[in-house]
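What follows is one structure encoded as structure tokens, with my remarks underneath.
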Amino acid sequence: MPIVPIGSYPLLMSAATRVGPDIPSLLPGGLLQTVDAERPARRRSTRDWVVDSIIFVVAVVTVGLFSASVWNDDSLSSTARWLDIALGAASPFLLWFRRRWPVATALIMVPVGGVSLTAATAGLVTLFTVAVHRRIGISGPIALLSAATTPIFLAWRPDPDLPYWLVTAFAVLTTVAVFAWGMFVRARRQLVVSLHDRAVRAESEQQLRVSQAQHLERARIAREMHDVLAHRISLLSLHAGALEIRPDAPSEEIARAASVIRASAHQALQDLREVIGVLREEDGEPIRPQPTLADVPALIEESRGAGMKVRVDCRVDDLDAVPAAVGRNAYRIVQEGLTNARKHAAGVLVDIHFEGTAGSGLTVSVRNPAPVGAAATIPGTGTGIVGLVERAGLAGGRLTHGRTDTGDFELRAWLPWPA
């Protein structure tokens, strides 16, 4: 992340996730606005007012002390004395504008510091301010100008008691130290802004991860509910539709159909409880065993009992040898294929094909003639096949669906079967 200018304190973080400081009055105004954008923009915080007041008092006191020394300097003319004292007396008031215009106040104090000893304190304060609030490309040249005026000033008004080089070195070092202190404060404030920005970004990313996890969990719940219940509900609809079409059927047939409906409804509720139990498990392990490839024959017999025509071509030697995860995905694919055939192509022959060995993968195919004429009477959400494509992809396989060259509708999947 790039370092930002502290002078302007741009707003980096989203207000929705921003957390304010515990004691805002102890932070500078610009930094407070950065770390707590919900607060009204203020040029000075309580801390700034206290600091500026103390600096103003110190500057006034030093002006008074230096004024006595300047007034007693017989080497200066009366005009030079009054000019020095007048500039020094005005310099503390200029400090109240240093936060708003740091560069302008520093540039004003550079030539003033070249002729006025009493304005030295104010000059150092403005140099410190510009070092804090502006980048090195701006504050550096101002610091060089300030340091360059020191030898000129001391050559014009040398100290009678100390060597020229010693006084010049001390003054230049003082200027450099104040500038370095300002740069250190600037770097520290930039670090605070950077760390705060990273914290807010981390919080935002955490909220995004939670939102994505919730979305994925909702999608997983919807997929499991569809896989488990769509098959049962379609069977219920099929039997109920038969009773509606033939209200004059013999009582024995009606009783048999009602028994099938009751059993299917009971099984649907049982499946629903199992799915909810699975989704509530923290470790994701099911409470009861999930269907595998060995359960497909029972699924097919159940569909045949509902009146479907199903033909099976199984070329897998041992259904129980198929891994549970692979078998569960294959079971869901066959279940969805039968459900779609029941919805959209009632009465047609459904061909189911299994083929595969360990190491080469498992191929599952569900094919039926495409419906002709009237639309399906059982509504569908259109998300079943989408869920199967996602399921196969997560398992490392692939799934295709659509019409074949012969006009049939085919649902075909390949699932990896480790050796």
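Chain labels follow the order of the structure tokens: the first chain is A, the next B, and so on; residue numbering restarts at 1 in every chain, and ligands are counted from 1 in their shown order.
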* Skip Ala265 (chain A) itself and residues of its chain fewer than 3 positions away, then list as JSON, numbers by chain all residues within 9 Å of it, counting only C-alpha atoms. => {"A": [232, 233, 236, 260, 261, 262, 268, 269, 270]}
Tell me which protein, DNA and RNA residues are within 9 Å of region 320-323 of chain A, counting only C-alpha atoms, leaving out same-chain ones fewer than 6 positions away, and put them as an mmCIF file with C-alpha atoms, in the first residue's frame.
data_model
loop_
_atom_site.group_PDB
_atom_site.id
_atom_site.type_symbol
_atom_site.label_atom_id
_atom_site.label_comp_id
_atom_site.auth_asym_id
_atom_site.auth_seq_id
_atom_site.Cartn_x
_atom_site.Cartn_y
_atom_site.Cartn_z
ATOM 1 C CA THR A 292 -23.896 -44.718 -2.448
ATOM 2 C CA LEU A 293 -23.778 -46.459 -5.800
ATOM 3 C CA ALA A 294 -24.989 -49.671 -4.129
ATOM 4 C CA THR A 357 -12.943 -49.281 -12.879
ATOM 5 C CA ALA A 358 -10.608 -48.086 -10.164
ATOM 6 C CA LEU A 362 -16.689 -43.920 -13.273
ATOM 7 C CA TRP A 417 -12.261 -43.237 -9.097
ATOM 8 C CA PRO A 418 -8.887 -43.499 -7.386
#
* To do: Taking the DSSP assignment computed from this structure's backbone, write out as a VMD selection string all residues of region 184-353 of chain A that belong to strand (DSSP E).
  => chain A and resid 309 to 315 349 to 353
* Using only C-alpha atoms, find the one residue out of A:Gly393, A:Gly356, A:Pro369, A:Pro250 that sits nearest to Asp318 (chain A). =>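 Closest candidate: A:Gly356.
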* Which is closest to Val348 (chain A) among A:Gln212, A:Asn368, A:Thr129, A:Ser264, if we use only C-alpha atoms? -> A:Asn368
* Asked: Of the residues A:Lys343, A:Arg134, A:Arg189, A:Arg273, which is the one nearest to Ser237 (chain A), using only C-alpha atoms?
  -> A:Lys343
